[in-house]
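What follows is a short report on a single structure.
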Amino acid sequence: MDAFTTHTGTAAPLRRSNVDTDQIIPAEYLKRITRTGFEDGLFSAWRKNEPDFVLNQPQYADASILVAGPDFGTGSSREHAVWALLDGGFRAVISPRFGDIFRNNSTKAGLLTVLLPQADVEALWQAIEAGPALQVTVDLQARQVRYGSTSIAFEVDDYTRWRLLEGLDDVGLTERHLADVEAFEATRPSWLPKVQPALPA
Amino acid sequence: MPKTLAEKVYDAHVVRSAEGEPDLLYIDLHLVHEVTSPQAFDGLRAAGRTVRHPELTMATEDHNVPTLDILSPIADPVSRAQVEALRKNAAEFGIRLAPMGDRDQGIVHVIGPQLGLTQPGMTIVCGDSHTSTHGAFGALAFGIGTSEVEHVLATQTLPQYRPRQMAVTVDGELSPGVSAKDVILAVIAEIGTGGGQGHVIEYRGSAIEALSMEARMTICNMSIEAGARAGLIAPDQTTLDFLAGRPHAPQGADWDAAVEYWTTLRTDEGAVFDREVHIDAASLTPYVTWGTNPGQGLPIGASVPDPAQIPDENERHAAESALAYMGLTAGTPLREIEVDTVFLGSCTNGRIEDLRVAAALLKGKHVDANTRMLVVPGSVGVKQQAEAEGLDQVFLDAGAEWRGAGCSMCLGMNPDQLQPGERSASTSNRNFQGRQGKGGRTHLVSPAVAAATALTGRLTAPADLTDVPAIAGA
C-alpha cells in the first residue's frame with residue numbers, strides 16, 4: 001500500500017450518520033475481481049438520486065478529505081468501500097465513530113481514518129461550509145488535524161501509525177514470525193476439524 | 001484472573017504477543033466466498049505465495065448465485081466471471097469448494113455449522129461481516145476485509161487487538177410468537193448500530209440458554225448490526241446435541257477430548273465485562289424496523305416515530321431521511337404498513353427451524369393476493385431437509401415461491417431484487433437504502449412475522465392471525 005505521512009487538501013462535509021458500506025459502494029459494484037477502478041461506485045446511489053448530495057456540488061468536486069457523522073462505514077466487511085474512497089480521490093476520512101471492520105480495512109489499504117469528537121467534526125463542517133476552499137491538513141506524523149488557526153490532536157496507536165507511515169504490508173511482517181506460527185501449530189489438538197474433500201454421497 | 005468466554009478463546013489462539021504490537025492470532029477455520037476473495041488470491045499470486053493450510057479453508061458460492069435454474073451458467077456475465085474466478089482459484093490453491101449444484105453448497109454461514117466445521121472454542125474468519133453467526137457455538141468468529149483474507153490464506157493468522165468485552169443478558173421467558181430475531185432487533189434498537197463497536201458481545205441469561213442452535217445463530221449473526229465484530233454464546237448440551245454426528249465433528253475418543261475442553265468454555269465467576277446490558281425477555285413483542293439502519297426498530301404495536309420528537313440531532317436527521325426514503329409518515333401504526341414482497345431466507349433466518357416456523361403459520365392458508373413471498377433455504381442441505389419434511393409443498397400450496405439456496409434477496413448481487421419503491425418484509429439482516437435492490441424499502445422481521453405478513457399483506461404479528469381464512473378444503 002502507499003505510505004501515508006501527511007496530507008493537505010480540501011474537504012467535503014458529509015452531514016450524515018450511519019453511512020453504511022452499502023452506501024459507500026453498493027453491492028452491484030462488488031462483482032468485479034480487480035482491486036482498482038471502483039470510483040464509479042462511490043456513493044453512486046446518492047450521487048445519482050440526490051442532485052444536492054455533497055459530492056455533486058462543484059465546490060467539493062476535488063475534495064480529498066471526507067468529514068462524516070458518527071458510525072461511518074458500518075455494515076458489510078467489503079474492503080471495496082475503502083478502495084472506492086481511495087479511487088475517488090480521498091486520502092482520509094474524519095468521523096466521531098467508525099465501523100470496526102471498515103476502520104481495520106482502511107489501515108490495510110492506506111486510507112487514514114481519523115477519530116474526532118462530534119463537536120470538532122461540527123466545527124470543521126462549519127468551517128468547510130463557510131469556505132469550501134479551506135485547506136485541511138491531516139498529519140499522521142504529528143497526529144494532528146489542522147485548518148486555519150485550529151489544530152486538533154487525534155489518537156492513533158503507535159503500531160498502526162508506523163505501518164501507515166512506512167506503507168508496510170502485514171503479510172510480510174507476519175512472515176518474520178513464522179517460527180512462532182509453526183510452534184503454535186505443533187500444539188493444536190488433533191481433533192480440530194480439517195476440511196474434507198467432497199464428501200461421499 | 002477470571003476470564004470471559006471470549007477472552008479464553010482469544011488467549012488460546014495467541015501465537016505471539018509483543019508490547020506495542022497487535023497480537024498474532026491463529027485462525028482455525030477460514031471460510032471463503034466469491035465476492036471478497038478474488039483480489040486476495042491475486043495478491044498471493046503476485047507475491048509468489050501459497051495457501052498455508054488449504055485443509056483449514058472451505059469455499060462456497062453464495063452471494064451471486066441465482067436461486068432459479070441453478071444448473072445453467074449464470075446469465076449475468078460479471079457475476080459469472082466472479083464465480084468462475086473462485087473456481088479457478090480453489091482449484092489452483094487446492095481448496096475444497098462447494099459450487100452451485102454441490103450438495104454442500106449454500107450460504108457460507110449456514111454450511112459451516114451444517115457440516116460440523118463450526119465448533120466451540122475455534123477462531124473462525126470469513127470475508128463477510130456475518131461471520132459472527134458462528135459465535136453461537138462458543139467460537140470467536142468475525143468478519144474481515146480482503147487484505148485480511150489474503151493474510152489468513154498466506155499465514156493462517158491475523159494481527160488483532162484484544163477486543164473489549166460486553167455482556168448482553170436476556171433473562172426470563174419469551175412469549176409465544178416472539179423469537180430470537182425479535183430479541184436481537186430489540187438489542188440493536190437499545191444499544192444502537194455503534195453500541196457494540198470495539199467489543200465482542202457475549203449473549204447470556206436464561207432466555208438465551210433456552211434457545212435452539214438455529215436461534216442462537218440468528219442472534220450472533222446480527223452482532224455486527226449492533227457494531228460488534230463478534231458475538232458468542234457459551235456451549236452447552238444444546239450445542240453438543242447439534243454437533244454430534246455431523247460430518248466434521250470429532251468422533252469416539254476425539255469427541256470425548258473435545259467435550260472435555262468445550263465444557264471449560266464458560267465465562268468465569270467474577271470475570272469483568274466493560275459493558276453490560278440487560279433485557280427482560282418477557283417484555284419483548286415482535287420487533288420490526290421502520291427505518292434504514294437496523295437500530296431503527298420498534299415493537300410491532302408501535303407507530304412510525306416522529307423525528308421532531310427525537311432529541312439527538314444526528315438521530316433526528318437520520319430518522320427524517322429514513323422516513324423520506326421509506327415513504328412513511330410519522331404516526332402511522334406499523335401494522336398498517338403494506339408490503340409487496342416477503343423474503344424468508346438469508347444467513348440470519350434461512351435455516352430449517354426458520355422454515356418450519358413459517359410453514360406452520362402458512363399451512364392451509366394462502367398468501368395475500370397482492371403480495372409475493374420468496375422462500376429461499378440457506379443451503380442445499382436445508383432445502384433437502386425441508387423437502388423431506390414436506391415444507392416445500394406447504395409453501396407452494398400457500399402460493400409462495402420455493403427457490404434454490406443462496407444469499408438471494410438479502411443483498412442486490414443476484415437476480416432476486418426489489419424494484420424501485422417496492423416494499424418488503426424481510427428476515428434478512430440489513431434495511432440499508434438499496435440493500436435489496438435500488439430504491440427498495442426493507443422492514444426487517446422474524447420468520448413468524450414474515451409468514452403472518454405474507455398472509456395479510458401488511459406487517460402482522462403471528463398473534464394477530466385469528467381471522468385469516470383457511471383455504472377451502474384444506
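For the C-alpha cells, the naming scheme is as follows: chains receive sequential letters (A, B, ...) according to their order of presentation, residues are indexed from 1 within each chain, and ligands are indexed from 1 in presentation order.
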field: Spatial neighbours of Glu55 in chain B, 9 Å, only C-alpha atoms, chain gap at least 4 places, as a VMD selection string
entry: (chain A and resid 193 to 197) or (chain B and resid 29 94 to 96)
field: Proximal residues of chain A relative to chain B (only C-alpha atoms; 8 Å) as number ranges by chain
entry: A: 16-18, 20, 22-23, 26-28, 30-35, 45, 69, 71, 74-79, 97, 99-102, 105, 108-109, 158-159, 170-171, 174-175, 180-181, 184, 191-198
Close residues, Ala3 in chain A itself excluded, 8 Å, only C-alpha atoms, min 4 positions apart in chain, as a PyMOL selection string: chain A and resi 110+164-168
Writer output for current selection, N, CA and C atoms, as a JSON list (two decimals), in the first residue's frame:
```
[["chain", "number", "residue", "atom", "x", "y", "z"],
["A", 110, "GLY", "N", -4.23, 1.91, 3.25],
["A", 110, "GLY", "CA", -3.59, 3.22, 3.21],
["A", 110, "GLY", "C", -4.53, 4.40, 3.20],
["A", 164, "LEU", "N", 1.42, 2.63, 8.64],
["A", 164, "LEU", "CA", 0.94, 3.57, 7.62],
["A", 164, "LEU", "C", 2.05, 4.50, 7.15],
["A", 165, "LEU", "N", 2.85, 4.97, 8.07],
["A", 165, "LEU", "CA", 3.94, 5.87, 7.70],
["A", 165, "LEU", "C", 4.92, 5.18, 6.75],
["A", 166, "GLU", "N", 5.13, 3.88, 7.00],
["A", 166, "GLU", "CA", 6.09, 3.13, 6.18],
["A", 166, "GLU", "C", 5.43, 2.48, 4.96],
["A", 167, "GLY", "N", 4.08, 2.43, 4.97],
["A", 167, "GLY", "CA", 3.38, 1.75, 3.88],
["A", 167, "GLY", "C", 3.64, 0.24, 3.87],
["A", 168, "LEU", "N", 3.70, -0.38, 5.07],
["A", 168, "LEU", "CA", 4.09, -1.78, 5.17],
["A", 168, "LEU", "C", 2.92, -2.74, 4.98]]
```
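Summary of the local environment: counting only C-alpha atoms, residues at most 9 Å from Asn370 in chain B, other than itself and those fewer than 6 positions away along its chain, are Val339, Asp340, Thr341 and Gly457 of chain B.
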Resulting file, chosen residues, C-alpha atoms, as a PDB file, in the first residue's frame:
```pdb
ATOM      1  CA  VAL B 339     -45.717  -4.751   1.744  1.00  0.00           C
ATOM      2  CA  ASP B 340     -45.262  -6.042  -1.810  1.00  0.00           C
ATOM      3  CA  THR B 341     -42.776  -8.785  -1.081  1.00  0.00           C
ATOM      4  CA  GLY B 457     -50.134  -8.164   3.010  1.00  0.00           C
TER       5      GLY B 457
END
```
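Neighbours of Asp306 in chain B closer than or equal to 9 Å, with only C-alpha atoms counted and sequence neighbours fewer than 3 positions away skipped, come out as Ser303, Gln309, Ile310, Arg316, Ala319, Glu320, Thr329, Ala330 and Gly331 of chain B.
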message: When DSSP is applied to the backbone of this structure, which of range 66-269 of chain B are assigned alpha helix (DSSP H)? Write them out as a PyMOL selection string.
response: chain B and resi 77-93+108-114+146-155+180-191+206-209+213-221+237-243+252-262
- request: Write out as a ChimeraX atom specification each polymer residue whose atoms come within 10 Å of Glu39 in chain A, counting only C-alpha atoms; drop sequence neighbours fewer than 4 positions from it.
  value: /A:25,29,43-44,80-81,83-89
task: Go ahead and compute the interatomic distance for CA of Pro117 in chain A and CA of Ile191 in chain B, in Å to one decimal.
output: 19.2 Å
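If only C-alpha atoms are the atoms counted, then among B:Ile111, B:Ile337, B:Ala448, B:Val51 the closest residue to Val178 in chain B is B:Ala448.
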Contact residues around Thr348 in chain B with only C-alpha atoms at 9 Å, ignoring same-chain residues under 6 positions, as a list in words: His109, Val110, His130, Thr133, Lys181, Met217, Thr218, Ile219, Cys220, Asn221, Met222, Gly378, Thr427, Ser428 and Asn429 of chain B
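Distances here use only C-alpha atoms; by that measure, the residue among A:Thr36, A:Thr6, A:Gln59, A:Thr113 closest to Ala130 in chain A is A:Gln59.
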query: Can you list every residue in range 33-126 of chain A that DSSP puts in strand (DSSP E or B), as a PyMOL selection string?
result: chain A and resi 65-68+72+74+92-95+98+112-115
Keeping only C-alpha atoms, write the selected residues as a CSV table (one decimal), in the first residue's frame.
```csv
chain,number,residue,atom,x,y,z
A,65,ILE,CA,-10.7,14.5,2.9
A,66,LEU,CA,-14.2,13.4,3.8
A,67,VAL,CA,-15.7,14.6,7.1
A,68,ALA,CA,-18.6,12.4,8.1
A,72,PHE,CA,-19.2,5.8,9.2
A,74,THR,CA,-20.9,0.3,9.4
A,92,ALA,CA,-8.5,10.5,4.8
A,93,VAL,CA,-11.9,10.2,6.4
A,94,ILE,CA,-12.8,12.0,9.7
A,95,SER,CA,-15.7,10.8,11.8
A,98,PHE,CA,-16.3,4.2,12.6
A,112,LEU,CA,-6.3,7.2,7.0
A,113,THR,CA,-9.4,7.2,9.3
A,114,VAL,CA,-9.3,9.9,12.0
A,115,LEU,CA,-11.5,9.8,15.1
```
statement: Nearest to Ala11 in chain A, restricted to only C-alpha atoms and choosing among A:Gln118, A:Asn104, A:Gln57, A:Gln135, comes out as A:Gln135
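For the pair CA of Gln114 in chain B and CA of Cys347 in chain B, the separation is 12.2 Å.
The coordinates place CA of Val277 in chain B at 16.7 Å from CA of Leu5 in chain B.
Among the candidates B:Ala136, B:Leu68, B:Leu284, B:Met213, the one nearest to Ile201 in chain B when counting only C-alpha atoms is B:Ala136.
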